[in-house]
>>> print(open('protein-v3.cif').read())   # mmCIF, C-alpha atoms and all ligand atoms
data_input
loop_
_atom_site.label_atom_id
_atom_site.label_comp_id
_atom_site.auth_asym_id
_atom_site.auth_seq_id
_atom_site.Cartn_x
_atom_site.Cartn_y
_atom_site.Cartn_z
CA MET A 1 0.00 0.00 0.00
CA ALA A 2 1.54 3.30 -0.98
CA GLU A 3 2.24 5.75 1.82
CA SER A 4 2.83 9.16 0.42
CA ASN A 5 4.92 11.63 2.38
CA GLY A 6 3.10 13.18 5.31
CA THR A 7 0.16 10.77 5.16
CA PRO A 8 -0.49 9.50 8.69
CA LEU A 9 -0.49 5.79 9.36
CA LEU A 10 -3.94 6.04 10.88
CA GLU A 11 -6.50 8.79 10.80
CA VAL A 12 -9.86 8.53 12.52
CA SER A 13 -12.17 11.40 11.57
CA GLY A 14 -15.54 12.28 13.06
CA ALA A 15 -16.01 8.72 14.30
CA THR A 16 -19.51 8.26 15.64
CA LYS A 17 -21.00 4.92 16.57
CA ILE A 18 -24.57 4.46 17.67
CA TYR A 19 -25.69 0.99 18.72
CA LYS A 20 -29.41 0.53 18.19
CA LYS A 21 -31.52 -2.16 19.79
CA GLY A 22 -35.26 -1.76 19.37
CA LYS A 23 -36.14 1.71 20.61
CA GLU A 24 -32.96 2.02 22.63
CA SER A 25 -29.82 3.53 21.25
CA THR A 26 -26.36 4.05 22.76
CA LYS A 27 -23.88 6.53 21.40
CA ALA A 28 -20.62 4.67 22.04
CA LEU A 29 -18.43 7.10 20.06
CA ASP A 30 -19.21 10.74 19.50
CA ASP A 31 -17.26 12.57 16.80
CA VAL A 32 -13.84 11.15 17.69
CA ASP A 33 -10.77 12.38 15.82
CA LEU A 34 -7.43 10.63 16.22
CA VAL A 35 -4.24 10.71 14.18
CA LEU A 36 -1.25 8.38 14.54
CA SER A 37 1.63 9.46 12.35
CA GLY A 38 3.37 6.06 12.60
CA SER A 39 6.74 7.67 12.11
CA PRO A 40 8.35 7.62 14.59
CA ALA A 41 6.47 4.71 16.13
CA THR A 42 4.58 5.67 19.28
CA ILE A 43 2.44 4.19 22.01
CA THR A 44 -0.84 6.09 22.20
CA THR A 45 -3.07 5.28 25.14
CA ILE A 46 -6.83 5.41 24.98
CA ALA A 47 -7.97 5.61 28.60
CA GLY A 48 -11.37 5.87 30.16
CA GLU A 49 -13.73 4.14 32.51
CA SER A 50 -15.80 1.08 31.64
CA GLY A 51 -18.33 1.91 28.94
CA SER A 52 -16.51 5.02 27.70
CA GLY A 53 -16.14 3.54 24.20
CA LYS A 54 -12.56 2.23 24.23
CA THR A 55 -13.33 -1.19 22.78
CA THR A 56 -15.71 0.27 20.22
CA LEU A 57 -12.91 2.55 19.03
CA ALA A 58 -10.47 -0.38 18.90
CA ASP A 59 -12.95 -2.57 17.00
CA THR A 60 -13.63 0.25 14.57
CA ILE A 61 -9.93 0.67 13.79
CA LEU A 62 -9.59 -3.09 13.35
CA GLY A 63 -12.50 -3.05 10.90
CA PHE A 64 -14.70 -5.27 13.12
CA THR A 65 -17.32 -2.58 13.70
CA LYS A 66 -18.72 -0.18 11.10
CA LEU A 67 -19.12 3.44 12.08
CA THR A 68 -22.50 5.16 11.99
CA ASP A 69 -20.68 8.26 10.78
CA GLY A 70 -17.08 9.23 10.07
CA THR A 71 -14.09 7.37 8.64
CA VAL A 72 -11.03 5.37 9.58
CA ARG A 73 -8.20 5.86 7.10
CA TYR A 74 -5.18 3.61 7.05
CA ARG A 75 -2.32 5.15 5.10
CA GLY A 76 -4.80 7.56 3.62
CA GLN A 77 -7.34 4.93 2.50
CA ASP A 78 -10.80 4.43 3.98
CA ILE A 79 -10.58 0.93 5.50
CA GLN A 80 -14.16 0.17 4.49
CA ARG A 81 -13.31 0.76 0.82
CA LEU A 82 -10.00 -0.99 0.41
CA PRO A 83 -9.47 -3.06 -2.72
CA LYS A 84 -8.81 -6.75 -2.02
CA ASP A 85 -4.99 -6.67 -2.16
CA GLN A 86 -4.75 -3.56 0.02
CA ARG A 87 -7.25 -5.07 2.42
CA LEU A 88 -4.92 -8.05 2.94
CA GLU A 89 -2.02 -5.69 3.56
CA TYR A 90 -4.05 -3.71 6.09
CA ARG A 91 -5.07 -6.98 7.76
CA ARG A 92 -1.40 -7.90 8.09
CA GLU A 93 -0.11 -4.50 9.13
CA VAL A 94 -2.76 -3.78 11.77
CA GLN A 95 -2.79 -6.46 14.43
CA ALA A 96 -4.76 -6.98 17.62
CA VAL A 97 -3.84 -8.23 21.06
CA PHE A 98 -6.81 -8.68 23.37
CA GLN A 99 -7.40 -8.81 27.09
CA ASP A 100 -8.35 -12.47 27.29
CA PRO A 101 -5.79 -14.49 25.36
CA PHE A 102 -7.72 -17.72 25.98
CA GLY A 103 -10.74 -16.47 24.09
CA VAL A 104 -8.90 -16.24 20.77
CA TYR A 105 -7.47 -19.77 20.79
CA ASN A 106 -9.15 -22.86 19.41
CA PRO A 107 -8.63 -25.40 22.22
CA PHE A 108 -8.36 -28.31 19.77
CA TYR A 109 -5.29 -27.03 17.96
CA LYS A 110 -1.71 -26.91 19.16
CA ILE A 111 -0.07 -23.52 19.55
CA ARG A 112 1.91 -23.91 16.33
CA HIS A 113 -1.39 -23.74 14.45
CA ILE A 114 -1.84 -20.00 15.11
CA PHE A 115 1.58 -19.33 13.59
CA ASP A 116 1.09 -21.75 10.66
CA VAL A 117 -2.25 -20.15 9.76
CA ALA A 118 -0.77 -16.64 9.80
CA ILE A 119 2.22 -17.69 7.67
CA LYS A 120 -0.03 -19.39 5.14
CA ARG A 121 -2.65 -16.67 4.96
CA PHE A 122 -0.12 -13.91 4.38
CA ARG A 123 2.35 -16.08 2.41
CA LEU A 124 5.23 -15.14 4.72
CA ALA A 125 7.49 -18.10 3.95
CA SER A 126 8.26 -20.14 0.85
CA ASN A 127 9.24 -23.35 2.64
CA ASP A 128 9.11 -25.10 6.03
CA ASN A 129 12.60 -24.02 7.09
CA ALA A 130 11.85 -20.37 6.41
CA ALA A 131 8.57 -20.73 8.33
CA ARG A 132 10.37 -22.32 11.29
CA ASP A 133 12.92 -19.50 11.35
CA LEU A 134 10.16 -16.88 11.32
CA ILE A 135 8.34 -18.56 14.19
CA GLU A 136 11.52 -18.92 16.30
CA ASP A 137 12.38 -15.29 15.65
CA ALA A 138 8.90 -14.19 16.74
CA LEU A 139 9.03 -16.35 19.86
CA SER A 140 12.46 -15.01 20.80
CA VAL A 141 11.01 -11.48 20.85
CA VAL A 142 8.77 -12.56 23.74
CA GLY A 143 11.53 -14.57 25.42
CA MET A 144 10.35 -18.06 24.43
CA ARG A 145 11.45 -21.00 22.28
CA GLY A 146 9.45 -23.21 19.96
CA ASP A 147 10.24 -26.44 21.83
CA GLU A 148 8.68 -24.94 24.97
CA VAL A 149 5.31 -24.11 23.49
CA LEU A 150 4.56 -25.07 19.89
CA ASP A 151 3.40 -28.63 20.58
CA LYS A 152 1.24 -27.66 23.53
CA HIS A 153 -2.44 -26.91 23.58
CA PRO A 154 -3.66 -23.49 24.79
CA HIS A 155 -4.84 -24.81 28.17
CA GLN A 156 -1.32 -26.11 28.85
CA LEU A 157 0.07 -22.58 28.84
CA SER A 158 -0.28 -19.98 31.57
CA GLY A 159 -2.31 -16.84 30.89
CA GLY A 160 0.92 -14.85 30.60
CA GLN A 161 2.40 -17.35 28.12
CA ARG A 162 -0.77 -17.26 26.03
CA GLN A 163 -0.61 -13.48 25.98
CA ARG A 164 3.04 -13.62 24.91
CA MET A 165 2.01 -16.01 22.09
CA MET A 166 -0.45 -13.39 20.89
CA VAL A 167 2.25 -10.74 20.87
CA ALA A 168 4.61 -13.13 19.06
CA ARG A 169 1.95 -13.90 16.46
CA ALA A 170 1.34 -10.20 15.94
CA TYR A 171 5.08 -9.56 15.61
CA LEU A 172 5.45 -12.42 13.11
CA LEU A 173 3.35 -10.42 10.69
CA LYS A 174 5.67 -7.39 10.90
CA PRO A 175 2.79 -5.01 11.62
CA ARG A 176 2.97 -1.23 11.65
CA LEU A 177 0.29 -0.94 14.32
CA ILE A 178 -0.84 -3.17 17.17
CA VAL A 179 -4.18 -2.41 18.78
CA ALA A 180 -3.73 -3.75 22.29
CA ASP A 181 -7.02 -3.82 24.20
CA GLU A 182 -6.27 -4.23 27.93
CA PRO A 183 -3.36 -6.58 27.12
CA VAL A 184 -2.05 -6.80 30.67
CA SER A 185 -5.15 -6.58 32.80
CA MET A 186 -5.39 -10.36 33.28
CA VAL A 187 -1.73 -11.14 33.98
CA ASP A 188 0.22 -10.80 37.22
CA ALA A 189 2.57 -7.95 38.05
CA SER A 190 5.85 -9.51 36.87
CA LEU A 191 4.36 -10.62 33.54
CA ARG A 192 2.73 -7.24 33.18
CA ALA A 193 6.14 -5.60 33.42
CA MET A 194 7.54 -8.06 30.89
CA ILE A 195 4.75 -7.48 28.35
CA LEU A 196 4.98 -3.70 28.74
CA ASP A 197 8.72 -3.98 28.19
CA ILE A 198 8.14 -6.05 25.04
CA MET A 199 5.81 -3.31 23.77
CA LEU A 200 8.52 -0.71 24.32
CA ARG A 201 11.07 -2.84 22.47
CA LEU A 202 8.70 -3.42 19.56
CA ARG A 203 8.20 0.33 19.34
CA ASP A 204 11.89 1.22 19.58
CA GLU A 205 13.55 -1.65 17.74
CA HIS A 206 10.89 -2.61 15.21
CA ALA A 207 9.05 0.68 14.61
CA ILE A 208 5.69 -0.79 15.62
CA SER A 209 3.15 1.73 16.89
CA PHE A 210 0.61 0.80 19.53
CA LEU A 211 -2.86 1.92 20.36
CA TYR A 212 -2.89 0.93 24.00
CA ILE A 213 -6.44 0.64 25.32
CA THR A 214 -6.65 0.62 29.08
CA HIS A 215 -8.40 1.87 32.18
CA ASP A 216 -5.08 1.60 34.01
CA LEU A 217 -3.41 4.98 33.98
CA SER A 218 -0.35 3.84 35.91
CA THR A 219 0.80 1.55 33.08
CA ALA A 220 -0.04 4.28 30.57
CA TYR A 221 2.23 6.59 32.56
CA GLN A 222 5.02 3.99 32.40
CA ILE A 223 5.02 3.37 28.66
CA GLY A 224 2.71 5.77 26.84
CA ASP A 225 3.84 8.61 24.61
CA ASP A 226 0.46 10.28 24.06
CA ILE A 227 -2.84 9.76 25.80
CA CYS A 228 -6.46 10.39 24.91
CA ILE A 229 -8.98 10.43 27.74
CA LEU A 230 -12.29 9.08 26.57
CA TYR A 231 -15.50 9.96 28.42
CA ARG A 232 -18.90 8.84 27.19
CA GLY A 233 -17.58 8.36 23.67
CA GLU A 234 -15.79 11.70 23.46
CA ILE A 235 -12.11 12.50 23.76
CA VAL A 236 -12.20 15.12 26.52
CA GLU A 237 -8.44 15.59 26.81
CA ARG A 238 -5.36 14.51 24.87
CA GLY A 239 -1.64 15.19 24.84
CA ASP A 240 1.69 14.01 26.15
CA THR A 241 1.01 11.28 28.73
CA GLN A 242 3.16 12.72 31.51
CA ARG A 243 1.76 16.21 30.98
CA VAL A 244 -1.85 15.02 31.04
CA ILE A 245 -1.38 12.79 34.10
CA ASP A 246 0.75 15.30 36.01
CA ASP A 247 -1.43 18.26 35.13
CA PRO A 248 -4.87 17.24 33.83
CA GLN A 249 -7.02 20.09 32.58
CA HIS A 250 -10.45 18.52 32.13
CA SER A 251 -12.48 17.80 35.24
CA TYR A 252 -13.13 14.19 34.16
CA SER A 253 -9.40 13.60 33.59
CA LYS A 254 -8.76 15.02 37.07
CA LEU A 255 -11.24 12.59 38.57
CA LEU A 256 -9.82 9.61 36.65
CA ILE A 257 -6.26 10.52 37.59
CA SER A 258 -7.09 11.09 41.24
CA SER A 259 -8.20 7.45 41.41
CA ILE A 260 -4.76 6.03 40.47
CA PRO A 261 -3.48 4.00 43.43
CA VAL A 262 -0.49 5.67 45.08
CA PRO A 263 2.08 3.00 45.99
CA ASP A 264 4.45 5.23 47.99
CA PRO A 265 3.53 4.93 51.71
CA ASP A 266 4.89 8.44 52.28
CA VAL A 267 2.49 9.91 49.76
CA VAL A 268 -0.77 10.91 51.40
CA TRP A 269 -3.86 9.67 49.61
CA ASP A 270 -5.77 12.57 48.11
CA THR A 271 -9.27 12.35 49.54
CA SER A 272 -10.42 15.59 47.98
CA ALA A 273 -11.24 13.91 44.67
CA VAL A 274 -13.84 15.83 42.74
CA THR A 275 -17.13 14.21 41.83
CA TYR A 276 -17.57 14.45 38.11
CA GLU A 277 -20.98 15.64 37.01
CA GLY A 278 -20.29 16.73 33.43
CA ASN A 279 -18.37 19.46 31.73
N1 LIG A 301 -22.67 -4.55 20.50
C1 LIG A 301 -23.19 -3.60 21.27
N2 LIG A 301 -24.53 -3.38 21.29
C2 LIG A 301 -25.06 -2.41 22.05
N3 LIG A 301 -24.34 -1.58 22.85
C3 LIG A 301 -23.03 -1.76 22.88
C4 LIG A 301 -22.38 -2.76 22.11
N4 LIG A 301 -21.03 -2.71 22.35
C5 LIG A 301 -20.87 -1.70 23.25
N5 LIG A 301 -22.05 -1.13 23.56
C6 LIG A 301 -22.25 0.03 24.45
O1 LIG A 301 -21.42 1.09 24.00
C7 LIG A 301 -20.82 1.77 25.09
C8 LIG A 301 -19.30 1.70 24.95
O2 LIG A 301 -18.91 0.35 25.13
P1 LIG A 301 -17.38 -0.13 24.97
O3 LIG A 301 -17.34 -1.61 25.17
O4 LIG A 301 -16.82 0.42 23.72
O5 LIG A 301 -16.70 0.61 26.23
P2 LIG A 301 -15.32 0.30 26.96
O6 LIG A 301 -14.78 1.62 27.36
O7 LIG A 301 -14.47 -0.57 26.10
O8 LIG A 301 -15.79 -0.51 28.24
P3 LIG A 301 -15.01 -1.69 29.03
O9 LIG A 301 -13.77 -1.05 29.63
O10 LIG A 301 -16.00 -2.13 30.05
O11 LIG A 301 -14.69 -2.77 28.03
C9 LIG A 301 -21.34 1.11 26.35
O12 LIG A 301 -22.45 1.86 26.81
C10 LIG A 301 -21.79 -0.26 25.88
O13 LIG A 301 -22.82 -0.75 26.68
#
>>> encode(input="protein-v3.cif", output="structure tokens", more="lines below")
Ligand SMILES: Nc1ncnc2c1ncn2[C@@H]1O[C@H](COP(=O)(O)OP(=O)(O)OP(=O)(O)O)[C@@H](O)[C@H]1O
Amino acid sequence: MAESNGTPLLEVSGATKIYKKGKESTKALDDVDLVLSGSPATITTIAGESGSGKTTLADTILGFTKLTDGTVRYRGQDIQRLPKDQRLEYRREVQAVFQDPFGVYNPFYKIRHIFDVAIKRFRLASNDNAARDLIEDALSVVGMRGDEVLDKHPHQLSGGQRQRMMVARAYLLKPRLIVADEPVSMVDASLRAMILDIMLRLRDEHAISFLYITHDLSTAYQIGDDICILYRGEIVERGDTQRVIDDPQHSYSKLLISSIPVPDPDVVWDTSAVTYEGN
């Protein structure tokens, strides 16, 4: 897919999504604009409370959900109107890592199946040796080896290992963007640190950008470049992560940030948190 100079990797414009069920309707996204330049690669956090529209935005960018209004452009092209060959390229270059790694595995297949399918679908290797090398390379990025995992079934791996398999599968495809929807919320603290570190390495060493969807502002603070605070489907504040978290301007951001747990016993818990009642 051609990327002309200055064209952002991803551009979401006026994204509005209304879910309708009978007479009820929910506006999950309300006129959201978002641009990821892709160069240099960055980690952009989408943060907000449950129901704020984070997953809807992620699903929209992945092409799983159609917008009611607005567009998602990947390298300048509306993802809903891509010709077949460009669609395959977009499918390869924009990968997903989800919260529950168990949900995406077929329990009947061994782990190697997820890699074999990806290699076949995107014609990544011309023979078995080349395929094996690609898989080992991808596993090494997440600190694993093929003989440890490939002949196992999903239930024989820990949650953290399954999540690392998902990251390895995404990396195998040499994506430009990984949409990571709560990727560390179901793993323990040490694995969380490892996965966040892998994300940083993929950004810095492999130029992979991330859209990091989370309600956890402390991890966003650790790894995020930019942050967008989503509230009821609208981005109410955006900017450099440290700036926004250290000095939030919008009253909802202030409320969200005041609820971050403070680990330092010498830091007094701020009990004067505002109650958010709208703009
Ligand atoms: N398929 C659907 N049908 C109807 N309403 C939906 C659907 N998916 C999401 N919604 C509604 O849209 C709003 C945004 O939901 P969404 O899942 O995008 O939020 P979220 O920020 O990802 O929440 P969480 O952190 O709990 O996953 C919510 O009010 C939700 O109930």
>>> residues_near_ligand(input="protein-v3.cif", ligand="ligand LIG 301 (chain A)", cutoff="9 Å", atoms="all atoms listed in the file", output="tab-separated table (two decimals) with C-alpha atoms, in the frame of the given file")
chain	number	residue	atom	x	y	z
A	17	LYS	CA	-21.00	4.92	16.57
A	18	ILE	CA	-24.57	4.46	17.67
A	19	TYR	CA	-25.69	0.99	18.72
A	20	LYS	CA	-29.41	0.53	18.19
A	21	LYS	CA	-31.52	-2.16	19.79
A	25	SER	CA	-29.82	3.53	21.25
A	26	THR	CA	-26.36	4.05	22.76
A	27	LYS	CA	-23.88	6.53	21.40
A	28	ALA	CA	-20.62	4.67	22.04
A	29	LEU	CA	-18.43	7.10	20.06
A	47	ALA	CA	-7.97	5.61	28.60
A	48	GLY	CA	-11.37	5.87	30.16
A	49	GLU	CA	-13.73	4.14	32.51
A	50	SER	CA	-15.80	1.08	31.64
A	51	GLY	CA	-18.33	1.91	28.94
A	52	SER	CA	-16.51	5.02	27.70
A	53	GLY	CA	-16.14	3.54	24.20
A	54	LYS	CA	-12.56	2.23	24.23
A	55	THR	CA	-13.33	-1.19	22.78
A	56	THR	CA	-15.71	0.27	20.22
A	57	LEU	CA	-12.91	2.55	19.03
A	58	ALA	CA	-10.47	-0.38	18.90
A	59	ASP	CA	-12.95	-2.57	17.00
A	65	THR	CA	-17.32	-2.58	13.70
A	181	ASP	CA	-7.02	-3.82	24.20
A	182	GLU	CA	-6.27	-4.23	27.93
A	213	ILE	CA	-6.44	0.64	25.32
A	214	THR	CA	-6.65	0.62	29.08
A	215	HIS	CA	-8.40	1.87	32.18
A	230	LEU	CA	-12.29	9.08	26.57
A	231	TYR	CA	-15.50	9.96	28.42
A	232	ARG	CA	-18.90	8.84	27.19
A	233	GLY	CA	-17.58	8.36	23.67
>>> atom_distance(input="protein-v3.cif", atom1="CA of Ala207 in chain A", atom2="CA of Ile43 in chain A")
10.5 Å
>>> closest_residue(input="protein-v3.cif", among="A:Ile114, A:Ile198, A:Val32, A:Ile245", to="Tyr221 in chain A", atoms="all atoms listed in the file")
A:Ile245
>>> closest_atom_pairs(input="protein-v3.cif", of="range 163-234 of chain A", to="range 105-110 of chain A", cutoff="12 Å", atoms="only C-alpha atoms", output="tab-separated table")
residue	atom	partner	partner_atom	distance
A:Gln163	CA	A:Tyr105	CA	10.7
A:Met165	CA	A:Tyr105	CA	10.3
A:Met166	CA	A:Tyr105	CA	9.5
A:Arg169	CA	A:Tyr105	CA	11.9
>>> atom_distance(input="protein-v3.cif", atom1="CA of Leu191 in chain A", atom2="CA of Phe98 in chain A")
15.2 Å
